[in-house]
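Structure file query-v1.tsv; described as TSV, C-alpha atoms.
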```tsv
chain	number	residue	atom	x	y	z
M	1	MET	CA	13.13	18.40	20.09
M	2	ALA	CA	11.00	20.82	18.07
M	3	THR	CA	13.85	21.34	15.63
M	4	ILE	CA	13.86	17.69	14.58
M	5	GLU	CA	10.06	17.58	14.37
M	6	GLN	CA	10.01	20.60	12.09
M	7	ALA	CA	12.89	19.35	9.97
M	8	ALA	CA	11.21	15.98	9.48
M	9	GLU	CA	8.00	17.63	8.31
M	10	ALA	CA	9.89	20.01	6.02
M	11	GLN	CA	11.99	17.22	4.55
M	12	GLU	CA	8.83	15.31	3.63
M	13	LYS	CA	7.73	18.31	1.54
M	14	ASP	CA	11.06	18.65	-0.25
M	15	GLU	CA	10.58	18.95	-4.01
M	16	GLY	CA	13.89	17.38	-4.86
M	17	GLN	CA	15.98	20.44	-5.60
M	18	ALA	CA	19.01	18.54	-4.24
M	19	ALA	CA	19.11	16.61	-7.50
M	20	ALA	CA	20.05	19.80	-9.33
M	21	GLU	CA	22.93	20.55	-6.97
M	22	GLN	CA	26.49	20.01	-8.05
M	23	ALA	CA	28.44	17.48	-6.02
M	24	VAL	CA	31.80	18.03	-4.37
M	25	THR	CA	34.37	17.34	-7.07
M	26	PRO	CA	37.53	15.17	-6.94
M	27	LEU	CA	39.62	18.33	-7.34
M	28	GLU	CA	38.10	19.82	-4.18
M	29	LEU	CA	38.78	16.64	-2.23
M	30	PHE	CA	42.33	16.58	-3.58
M	31	PHE	CA	42.79	20.22	-2.57
M	32	ASP	CA	41.60	19.45	0.96
M	33	LEU	CA	44.44	16.98	1.46
M	34	VAL	CA	46.91	19.81	2.12
M	35	PHE	CA	44.60	21.02	4.87
M	36	VAL	CA	44.73	17.59	6.50
M	37	PHE	CA	48.46	18.10	6.84
M	38	ALA	CA	48.01	21.69	8.03
M	39	ILE	CA	45.60	20.65	10.80
M	40	THR	CA	47.98	17.88	11.85
M	41	GLN	CA	50.79	20.42	12.01
M	42	VAL	CA	48.73	22.74	14.20
M	43	THR	CA	48.00	19.93	16.65
M	44	GLN	CA	51.68	19.04	16.79
M	45	PHE	CA	52.63	22.71	17.17
M	46	ILE	CA	50.62	22.98	20.37
M	47	ALA	CA	51.74	19.54	21.56
M	48	ASP	CA	55.38	20.62	21.26
M	49	ASP	CA	54.70	23.77	23.31
M	50	PRO	CA	51.83	22.92	25.69
M	51	THR	CA	51.81	26.34	27.33
M	52	TRP	CA	49.25	29.14	27.23
M	53	GLU	CA	51.45	30.98	24.74
M	54	GLY	CA	51.78	27.87	22.59
M	55	LEU	CA	48.03	27.32	22.72
M	56	ALA	CA	47.28	30.91	21.71
M	57	ARG	CA	49.76	30.79	18.85
M	58	GLY	CA	48.43	27.45	17.66
M	59	LEU	CA	44.87	28.77	17.59
M	60	LEU	CA	45.99	31.85	15.64
M	61	ILE	CA	47.61	29.58	13.05
M	62	LEU	CA	44.50	27.42	12.92
M	63	ALA	CA	42.34	30.51	12.33
M	64	ALA	CA	44.59	31.59	9.45
M	65	VAL	CA	44.57	28.13	7.88
M	66	TRP	CA	40.80	27.83	8.31
M	67	TRP	CA	40.13	31.19	6.68
M	68	ALA	CA	42.25	30.24	3.68
M	69	TRP	CA	40.21	27.05	3.32
M	70	VAL	CA	36.95	29.00	3.71
M	71	GLY	CA	37.93	31.24	0.82
M	72	TYR	CA	38.41	28.27	-1.46
M	73	SER	CA	35.19	26.63	-0.27
M	74	TRP	CA	33.30	29.68	-1.56
M	75	LEU	CA	35.43	29.83	-4.70
M	76	THR	CA	34.96	26.22	-5.80
M	77	ASN	CA	31.27	26.43	-4.94
M	78	TRP	CA	30.98	28.98	-7.73
M	79	LEU	CA	33.52	28.29	-10.46
M	80	ASP	CA	33.90	25.38	-12.86
M	81	THR	CA	36.65	23.16	-11.47
M	82	GLU	CA	36.78	21.21	-14.73
M	83	GLU	CA	38.25	24.18	-16.58
M	84	ASP	CA	41.97	23.68	-17.24
M	85	LEU	CA	43.31	27.04	-16.06
M	86	THR	CA	41.17	26.80	-12.95
M	87	ARG	CA	42.74	23.44	-12.16
M	88	VAL	CA	46.23	24.85	-12.63
M	89	GLY	CA	45.40	27.72	-10.30
M	90	ILE	CA	44.11	25.32	-7.66
M	91	PHE	CA	47.29	23.25	-7.96
M	92	VAL	CA	49.40	26.39	-7.48
M	93	ALA	CA	47.38	27.21	-4.36
M	94	MET	CA	47.89	23.65	-3.12
M	95	ALA	CA	51.64	23.97	-3.54
M	96	ALA	CA	51.68	27.25	-1.63
M	97	MET	CA	49.46	25.79	1.09
M	98	PHE	CA	51.81	22.83	1.42
M	99	VAL	CA	54.67	25.26	2.10
M	100	VAL	CA	52.44	27.00	4.66
M	101	SER	CA	51.88	23.64	6.35
M	102	LEU	CA	55.58	22.78	6.34
M	103	SER	CA	56.43	26.10	8.00
M	104	ILE	CA	53.77	25.92	10.73
M	105	PRO	CA	56.14	24.47	13.40
M	106	THR	CA	58.38	27.55	13.08
M	107	ALA	CA	55.80	30.13	11.96
M	108	PHE	CA	56.53	32.33	14.99
M	109	ASN	CA	60.32	32.22	14.74
M	110	GLU	CA	62.86	31.43	12.01
M	111	HIS	CA	60.33	30.64	9.26
M	112	GLY	CA	57.79	33.33	10.01
M	113	LEU	CA	58.51	35.15	6.75
M	114	LEU	CA	58.27	31.93	4.72
M	115	PHE	CA	54.90	31.17	6.32
M	116	ALA	CA	53.63	34.69	5.62
M	117	LEU	CA	54.79	34.77	1.99
M	118	ALA	CA	53.40	31.30	1.22
M	119	TYR	CA	50.13	32.20	2.94
M	120	ALA	CA	49.97	35.43	0.93
M	121	ALA	CA	50.41	33.38	-2.24
M	122	VAL	CA	47.47	31.16	-1.25
M	123	ARG	CA	45.23	34.19	-0.73
M	124	VAL	CA	46.40	36.04	-3.86
M	125	VAL	CA	45.76	32.99	-6.07
M	126	HIS	CA	42.28	32.80	-4.54
M	127	ILE	CA	41.51	36.39	-5.55
M	128	LEU	CA	43.00	35.92	-9.02
M	129	LEU	CA	40.98	32.78	-9.61
M	130	TYR	CA	37.81	34.57	-8.60
M	131	GLY	CA	38.61	37.43	-10.94
M	132	TYR	CA	39.38	35.03	-13.79
M	133	ALA	CA	36.46	32.65	-13.38
M	134	ALA	CA	33.63	34.85	-12.13
M	135	ASN	CA	31.51	35.87	-15.10
M	136	ASP	CA	28.87	37.38	-12.83
M	137	ALA	CA	29.03	41.14	-12.20
M	138	ASP	CA	27.70	40.80	-8.64
M	139	VAL	CA	30.37	38.26	-7.68
M	140	GLN	CA	33.11	40.34	-9.29
M	141	GLU	CA	31.99	43.37	-7.27
M	142	ALA	CA	32.01	41.30	-4.05
M	143	VAL	CA	35.56	40.15	-4.82
M	144	ARG	CA	36.74	43.72	-5.41
M	145	ARG	CA	35.23	44.67	-2.06
M	146	PHE	CA	37.03	42.07	0.05
M	147	ALA	CA	40.38	42.10	-1.82
M	148	PRO	CA	41.79	45.24	-0.05
M	149	PRO	CA	41.28	43.98	3.54
M	150	VAL	CA	42.76	40.62	2.56
M	151	THR	CA	45.81	42.40	1.13
M	152	VAL	CA	46.27	44.39	4.34
M	153	ALA	CA	45.84	41.26	6.49
M	154	VAL	CA	48.50	39.22	4.68
M	155	SER	CA	50.80	42.24	4.68
M	156	LEU	CA	50.46	42.39	8.46
M	157	LEU	CA	51.50	38.73	8.69
M	158	VAL	CA	54.61	39.56	6.67
M	159	LEU	CA	55.27	42.47	9.04
M	160	ALA	CA	54.76	40.20	12.07
M	161	SER	CA	57.59	37.95	10.90
M	162	PHE	CA	60.06	40.72	11.76
M	163	PHE	CA	58.90	40.85	15.39
M	164	ASP	CA	58.77	38.38	18.23
M	165	GLY	CA	57.04	37.90	21.56
M	166	ALA	CA	53.90	39.83	22.45
M	167	ALA	CA	54.30	42.31	19.60
M	168	GLN	CA	54.34	39.53	17.05
M	169	GLY	CA	51.28	37.89	18.58
M	170	ALA	CA	49.40	41.19	18.65
M	171	ILE	CA	50.10	41.84	14.96
M	172	TRP	CA	48.93	38.31	14.14
M	173	ALA	CA	45.72	38.87	16.10
M	174	VAL	CA	45.01	42.16	14.29
M	175	ALA	CA	45.68	40.51	10.91
M	176	ILE	CA	43.32	37.61	11.66
M	177	ALA	CA	40.61	39.93	12.98
M	178	LEU	CA	40.85	42.14	9.88
M	179	ASP	CA	40.78	39.14	7.57
M	180	PHE	CA	37.70	37.67	9.24
M	181	SER	CA	35.91	41.02	9.26
M	182	ALA	CA	36.24	41.35	5.48
M	183	ALA	CA	33.41	38.84	5.10
M	184	LEU	CA	31.07	41.27	6.87
M	185	LEU	CA	31.34	43.78	4.02
M	186	GLY	CA	28.31	43.99	1.77
M	187	ARG	CA	25.98	42.01	4.05
M	188	GLY	CA	25.85	39.13	1.55
M	189	GLN	CA	24.29	41.29	-1.17
M	190	LYS	CA	26.44	40.08	-4.05
M	191	TRP	CA	27.36	36.51	-3.11
M	192	LYS	CA	25.69	33.46	-4.63
M	193	LEU	CA	26.16	29.79	-3.81
M	194	HIS	CA	24.93	26.24	-4.32
M	195	PRO	CA	23.64	25.39	-0.81
M	196	GLY	CA	23.78	21.59	-1.00
M	197	HIS	CA	27.35	21.62	-2.30
M	198	PHE	CA	28.37	24.20	0.29
M	199	ALA	CA	26.95	22.19	3.20
M	200	GLU	CA	28.47	18.96	1.90
M	201	ARG	CA	31.89	20.55	1.56
M	202	HIS	CA	31.85	21.68	5.19
M	203	GLY	CA	30.64	18.30	6.36
M	204	LEU	CA	33.62	16.75	4.61
M	205	ILE	CA	36.08	19.12	6.27
M	206	VAL	CA	34.61	18.15	9.65
M	207	ILE	CA	35.29	14.50	8.76
M	208	ILE	CA	38.82	15.45	7.76
M	209	ALA	CA	39.33	17.09	11.15
M	210	PHE	CA	38.09	13.94	12.89
M	211	GLY	CA	40.47	11.88	10.77
M	212	GLU	CA	43.34	14.09	11.85
M	213	SER	CA	42.34	13.64	15.49
M	214	ILE	CA	42.52	9.87	15.11
M	215	VAL	CA	45.93	10.14	13.44
M	216	ALA	CA	47.19	12.44	16.22
M	217	THR	CA	45.99	9.99	18.86
M	218	GLY	CA	47.70	7.12	17.09
M	219	LEU	CA	50.96	9.04	16.79
M	220	GLY	CA	50.77	9.78	20.50
M	221	ALA	CA	51.03	6.04	21.16
M	222	GLN	CA	54.40	5.77	19.41
M	223	GLY	CA	57.11	4.74	21.82
M	224	THR	CA	54.74	4.17	24.72
M	225	GLY	CA	54.23	0.42	24.33
M	226	LEU	CA	50.81	-1.10	23.83
M	227	THR	CA	49.95	-1.65	27.45
M	228	THR	CA	46.41	-2.41	28.54
M	229	ALA	CA	45.94	1.18	29.69
M	230	VAL	CA	47.14	2.57	26.34
M	231	VAL	CA	44.77	0.30	24.40
M	232	ILE	CA	41.87	1.31	26.66
M	233	ALA	CA	42.73	4.99	26.19
M	234	ALA	CA	42.83	4.49	22.41
M	235	LEU	CA	39.43	2.80	22.44
M	236	LEU	CA	37.97	5.55	24.61
M	237	SER	CA	39.31	8.16	22.19
M	238	ILE	CA	37.43	6.40	19.40
M	239	VAL	CA	34.26	6.42	21.50
M	240	LEU	CA	34.74	10.15	22.07
M	241	ALA	CA	35.38	10.84	18.37
M	242	ALA	CA	32.38	8.72	17.35
M	243	ALA	CA	30.08	10.56	19.75
M	244	LEU	CA	31.25	13.94	18.49
M	245	TRP	CA	30.82	12.75	14.90
M	246	TRP	CA	27.29	11.55	15.71
M	247	ALA	CA	26.43	14.89	17.27
M	248	TYR	CA	27.06	16.60	13.93
M	249	PHE	CA	25.99	14.18	11.24
M	250	ASP	CA	22.93	12.52	12.78
M	251	VAL	CA	20.65	15.58	12.69
M	252	VAL	CA	22.58	18.85	12.76
M	253	ALA	CA	24.05	18.62	9.25
M	254	ILE	CA	20.70	17.56	7.75
M	255	VAL	CA	18.69	20.32	9.41
M	256	ALA	CA	21.27	23.00	8.59
M	257	GLU	CA	21.48	22.04	4.93
M	258	ARG	CA	17.71	22.15	4.59
M	259	ARG	CA	17.51	25.58	6.22
M	260	LEU	CA	20.22	26.81	3.87
M	261	ARG	CA	18.31	25.52	0.83
M	262	GLN	CA	15.08	27.21	1.93
M	263	ALA	CA	16.60	30.65	2.52
M	264	GLY	CA	16.41	33.48	-0.01
M	265	ARG	CA	19.58	34.42	-1.90
M	266	VAL	CA	20.80	37.17	0.44
M	267	GLU	CA	19.81	35.33	3.60
M	268	GLN	CA	21.41	32.21	2.14
M	269	ALA	CA	24.74	34.00	1.79
M	270	LEU	CA	24.51	35.41	5.31
M	271	MET	CA	23.57	32.04	6.77
M	272	ALA	CA	26.43	30.35	4.93
M	273	ARG	CA	28.86	32.97	6.19
M	274	ASP	CA	27.71	32.86	9.81
M	275	SER	CA	26.89	29.16	10.22
M	276	TYR	CA	29.64	27.64	8.12
M	277	SER	CA	32.49	30.12	7.62
M	278	TYR	CA	32.45	31.49	11.19
M	279	ILE	CA	30.76	29.01	13.53
M	280	HIS	CA	32.34	25.91	12.01
M	281	LEU	CA	35.73	27.23	13.12
M	282	LEU	CA	34.62	26.62	16.72
M	283	MET	CA	33.86	23.00	15.88
M	284	ILE	CA	37.14	22.49	14.03
M	285	ALA	CA	39.08	24.14	16.87
M	286	GLY	CA	37.25	21.91	19.37
M	287	ILE	CA	38.23	18.80	17.42
M	288	VAL	CA	41.86	19.94	17.22
M	289	LEU	CA	41.95	20.57	20.97
M	290	VAL	CA	40.39	17.20	21.71
M	291	ALA	CA	43.03	15.62	19.46
M	292	LEU	CA	45.75	17.36	21.47
M	293	GLY	CA	44.26	16.13	24.74
M	294	ALA	CA	43.93	12.59	23.39
M	295	LYS	CA	47.51	12.67	22.15
M	296	LYS	CA	48.79	13.67	25.59
M	297	THR	CA	46.52	11.13	27.27
M	298	ILE	CA	47.87	8.26	25.19
M	299	ALA	CA	51.43	9.30	25.98
M	300	HIS	CA	50.82	9.60	29.76
M	301	VAL	CA	47.83	7.41	30.62
M	302	ASP	CA	48.77	6.91	34.27
M	303	GLU	CA	49.56	10.55	35.06
M	304	PRO	CA	47.31	13.62	35.46
M	305	LEU	CA	47.17	15.90	32.46
M	306	LYS	CA	48.99	19.20	32.65
M	307	ILE	CA	46.74	22.25	32.71
M	308	VAL	CA	46.90	23.09	28.98
M	309	PRO	CA	46.24	19.51	27.76
M	310	ALA	CA	43.45	19.25	30.36
M	311	VAL	CA	41.90	22.45	29.05
M	312	ALA	CA	42.36	21.14	25.51
M	313	LEU	CA	40.61	17.82	26.15
M	314	CYS	CA	37.71	19.03	28.31
M	315	GLY	CA	37.52	22.52	26.87
M	316	GLY	CA	37.74	21.13	23.34
M	317	VAL	CA	34.62	19.04	23.93
M	318	ALA	CA	32.87	22.11	25.35
M	319	LEU	CA	33.97	24.34	22.46
M	320	TYR	CA	32.77	21.79	19.91
M	321	LEU	CA	29.35	21.65	21.61
M	322	VAL	CA	29.19	25.45	21.84
M	323	GLY	CA	29.70	25.48	18.07
M	324	HIS	CA	26.66	23.22	17.75
M	325	ILE	CA	24.61	25.42	20.09
M	326	LEU	CA	25.42	28.55	18.07
M	327	PHE	CA	24.88	26.68	14.80
M	328	ARG	CA	21.34	25.76	15.84
M	329	LEU	CA	20.67	29.20	17.31
M	330	ARG	CA	21.70	30.88	14.04
M	331	ASN	CA	19.80	28.54	11.74
M	332	VAL	CA	16.71	27.55	13.71
M	333	ARG	CA	16.53	30.31	16.37
M	334	THR	CA	16.20	27.80	19.21
M	335	PHE	CA	18.52	27.05	22.12
M	336	ASN	CA	19.89	23.54	22.68
M	337	ARG	CA	19.65	23.05	26.45
M	338	HIS	CA	20.97	19.51	26.78
M	339	ARG	CA	24.12	20.23	24.77
M	340	SER	CA	24.61	23.37	26.83
M	341	VAL	CA	24.50	21.28	30.00
M	342	ALA	CA	27.00	18.84	28.50
M	343	ALA	CA	29.35	21.72	27.58
M	344	VAL	CA	29.19	23.10	31.14
M	345	LEU	CA	29.89	19.65	32.57
M	346	ALA	CA	32.88	19.25	30.27
M	347	LEU	CA	34.32	22.56	31.48
M	348	ALA	CA	33.65	21.57	35.09
M	349	CYS	CA	35.88	18.53	34.60
M	350	ILE	CA	39.00	20.64	33.98
M	351	PRO	CA	39.97	21.05	37.70
M	352	LEU	CA	39.47	17.30	38.15
M	353	ALA	CA	41.51	16.47	35.05
M	354	VAL	CA	44.70	17.90	36.56
M	355	GLU	CA	44.28	15.69	39.64
M	356	ILE	CA	43.27	12.26	38.29
M	357	ASP	CA	45.00	10.01	35.77
M	358	ALA	CA	44.64	11.05	32.14
M	359	LEU	CA	42.96	7.73	31.36
M	360	ALA	CA	40.20	8.55	33.85
M	361	THR	CA	39.70	11.97	32.28
M	362	MET	CA	39.39	10.41	28.85
M	363	ALA	CA	36.83	7.98	30.27
M	364	LEU	CA	34.85	10.90	31.68
M	365	MET	CA	34.78	12.72	28.35
M	366	ALA	CA	33.83	9.56	26.47
M	367	ALA	CA	31.04	8.81	28.97
M	368	LEU	CA	29.76	12.40	28.87
M	369	THR	CA	29.55	12.61	25.07
M	370	ALA	CA	28.26	9.06	24.61
M	371	GLY	CA	25.67	9.73	27.30
M	372	LEU	CA	24.59	12.90	25.50
M	373	ILE	CA	24.11	10.98	22.25
M	374	GLY	CA	22.28	8.19	24.07
M	375	PHE	CA	19.90	10.70	25.64
M	376	GLU	CA	19.17	12.34	22.29
M	377	VAL	CA	18.62	9.00	20.54
M	378	ILE	CA	16.10	7.86	23.15
M	379	ARG	CA	14.42	11.21	23.78
M	380	PHE	CA	13.89	12.08	20.11
M	381	ARG	CA	13.65	8.61	18.58
M	382	GLU	CA	10.42	9.13	16.62
M	383	ALA	CA	11.33	12.53	15.20
M	384	ARG	CA	14.80	11.30	14.20
M	385	GLY	CA	13.26	8.29	12.52
M	386	ARG	CA	10.94	10.42	10.41
M	387	LEU	CA	13.71	12.79	9.46
M	388	ARG	CA	16.08	10.04	8.39
M	389	ALA	CA	13.33	8.17	6.53
M	390	SER	CA	12.42	11.30	4.58
M	391	VAL	CA	16.06	11.86	3.66
M	392	HIS	CA	16.38	8.37	2.17
M	393	ALA	CA	12.96	8.43	0.50
```
Render the structure in this file as structure tokens.
Amino acid sequence: MATIEQAAEAQEKDEGQAAAEQAVTPLELFFDLVFVFAITQVTQFIADDPTWEGLARGLLILAAVWWAWVGYSWLTNWLDTEEDLTRVGIFVAMAAMFVVSLSIPTAFNEHGLLFALAYAAVRVVHILLYGYAANDADVQEAVRRFAPPVTVAVSLLVLASFFDGAAQGAIWAVAIALDFSAALLGRGQKWKLHPGHFAERHGLIVIIAFGESIVATGLGAQGTGLTTAVVIAALLSIVLAAALWWAYFDVVAIVAERRLRQAGRVEQALMARDSYSYIHLLMIAGIVLVALGAKKTIAHVDEPLKIVPAVALCGGVALYLVGHILFRLRNVRTFNRHRSVAAVLALACIPLAVEIDALATMALMAALTAGLIGFEVIRFREARGRLRASVHA
């Protein structure tokens, strides 16, 4: 793969600017804990209503939760988290986000207003912290630019709580679309970031999502009895999770971080926005869907999956790989053919998944992803070796 060859050569010429990068702080890791709970709640939300409507609503909630986290990933990349008032502000945001997480199961009915108000508090604290901590005129201007669309978006979520059905869903969709589009304002002209810290933070949230998927799978085994089939399904889910983890952290994360470091300031902001803030949502959503499929598989190993869990398991693998394909296309400008083939094969398994036992479907997904990793390891062994050696040099 030319990408790995180029990255290995570039890494060998690295002048060690990573040493000057700030590391992810304990406060950031502590803050991310509430998002672990939020992601778990989203998975359970869809599991409790495994219909197309439930899936759509769950993905809307996930998008809202993700965008709140994205805001704080940019914020803590810039401000000093050791400052006392900053810490207090982060703790306030954590408390509000915890309420958001608690209200996720009923965000589209009796606790819609609670969800919206708590979510608004999370976003308002984010803007206030930026205004308080940013001593850079460019950053302050960027904050003033995106604050109005954020205000409108959270106001729409409050409005949506007074509706139900299709109207409520439509208002949610408009609010999410408006919120996401706010990042397009300014074309990255005023934003600044620490690239190594930014890439590390997103790698950690991917790990958190994988951790949630393992927890969801384990919870799915409750009350089923540890039969041989259940144990096999659990082991296959670990194989699947490990293969997906490998797909990200073996090369992709290294290459992307290096590209981010090498970019100029404006391009760096645009790359961070596109590759991490936007495209990483596809990967996180894929992991959540795979977790849902694994949860349903564990609970019903000897029955075919229903259509939505089947789409979640197979489509989740495909969506995760599509995220990787777009990630590489955005950063390196090359197309990943073998992962594209694997994504198409995963989607092709959906009609089969509703006919065969769930355990067999899980075996297919584990074999497909493990086979993909095996192919990449063998096909690009020398280039991977040079890249990894240069990283540890």
Excluding Phe327 (chain M) and residues on its chain fewer than 5 positions from it, collect all residues at most 12 Å away from it, counting only C-alpha atoms, and give them as number ranges by chain. M: 248, 252-253, 255-257, 259-260, 271-283, 320-322, 332-336, 339
Once you have the residues from the selection above, write them out as a PDB file, keeping the file's coordinate frame, restricted to C-alpha atoms.
```pdb
ATOM      1  CA  TYR M 248      27.060  16.600  13.930  1.00  0.00           C
ATOM      2  CA  VAL M 252      22.580  18.850  12.760  1.00  0.00           C
ATOM      3  CA  ALA M 253      24.050  18.620   9.250  1.00  0.00           C
ATOM      4  CA  VAL M 255      18.690  20.320   9.410  1.00  0.00           C
ATOM      5  CA  ALA M 256      21.270  23.000   8.590  1.00  0.00           C
ATOM      6  CA  GLU M 257      21.480  22.040   4.930  1.00  0.00           C
ATOM      7  CA  ARG M 259      17.510  25.580   6.220  1.00  0.00           C
ATOM      8  CA  LEU M 260      20.220  26.810   3.870  1.00  0.00           C
ATOM      9  CA  MET M 271      23.570  32.040   6.770  1.00  0.00           C
ATOM     10  CA  ALA M 272      26.430  30.350   4.930  1.00  0.00           C
ATOM     11  CA  ARG M 273      28.860  32.970   6.190  1.00  0.00           C
ATOM     12  CA  ASP M 274      27.710  32.860   9.810  1.00  0.00           C
ATOM     13  CA  SER M 275      26.890  29.160  10.220  1.00  0.00           C
ATOM     14  CA  TYR M 276      29.640  27.640   8.120  1.00  0.00           C
ATOM     15  CA  SER M 277      32.490  30.120   7.620  1.00  0.00           C
ATOM     16  CA  TYR M 278      32.450  31.490  11.190  1.00  0.00           C
ATOM     17  CA  ILE M 279      30.760  29.010  13.530  1.00  0.00           C
ATOM     18  CA  HIS M 280      32.340  25.910  12.010  1.00  0.00           C
ATOM     19  CA  LEU M 281      35.730  27.230  13.120  1.00  0.00           C
ATOM     20  CA  LEU M 282      34.620  26.620  16.720  1.00  0.00           C
ATOM     21  CA  MET M 283      33.860  23.000  15.880  1.00  0.00           C
ATOM     22  CA  TYR M 320      32.770  21.790  19.910  1.00  0.00           C
ATOM     23  CA  LEU M 321      29.350  21.650  21.610  1.00  0.00           C
ATOM     24  CA  VAL M 322      29.190  25.450  21.840  1.00  0.00           C
ATOM     25  CA  VAL M 332      16.710  27.550  13.710  1.00  0.00           C
ATOM     26  CA  ARG M 333      16.530  30.310  16.370  1.00  0.00           C
ATOM     27  CA  THR M 334      16.200  27.800  19.210  1.00  0.00           C
ATOM     28  CA  PHE M 335      18.520  27.050  22.120  1.00  0.00           C
ATOM     29  CA  ASN M 336      19.890  23.540  22.680  1.00  0.00           C
ATOM     30  CA  ARG M 339      24.120  20.230  24.770  1.00  0.00           C
TER      31      ARG M 339
END
```
CA of Ala342 (chain M) to CA of Val65 (chain M), straight-line distance in Å: 28.6 Å
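Separating CA of Ile287 (chain M) from CA of Val34 (chain M) is a distance of 17.6 Å.
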Can you tell me which residues surround Phe45 (chain M) at a distance of at most 12 Å, considering all atoms listed in the file, apart from same-chain residues fewer than 5 positions away, and format the answer as a PyMOL selection string? chain M and resi 38-40+50-51+53-62+101-108+216+288-289+292
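Distances to Glu200 (chain M) were evaluated for M:Ile238, M:Leu29, M:Ala299, M:Ile378 using only C-alpha atoms, and the minimum falls at M:Leu29.
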Ref. answer, residues at most 12 Å from (40.1, 36.0, -9.1) with all atoms listed in the file, as a PyMOL selection string: chain M and resi 71-72+74-76+78-79+85-86+89-90+122-136+139-144+146-147
From M:Glu110, M:Glu83, M:Glu212, M:Asp49, residue lying nearest Val36 (chain M) [all atoms listed in the file]: M:Glu212
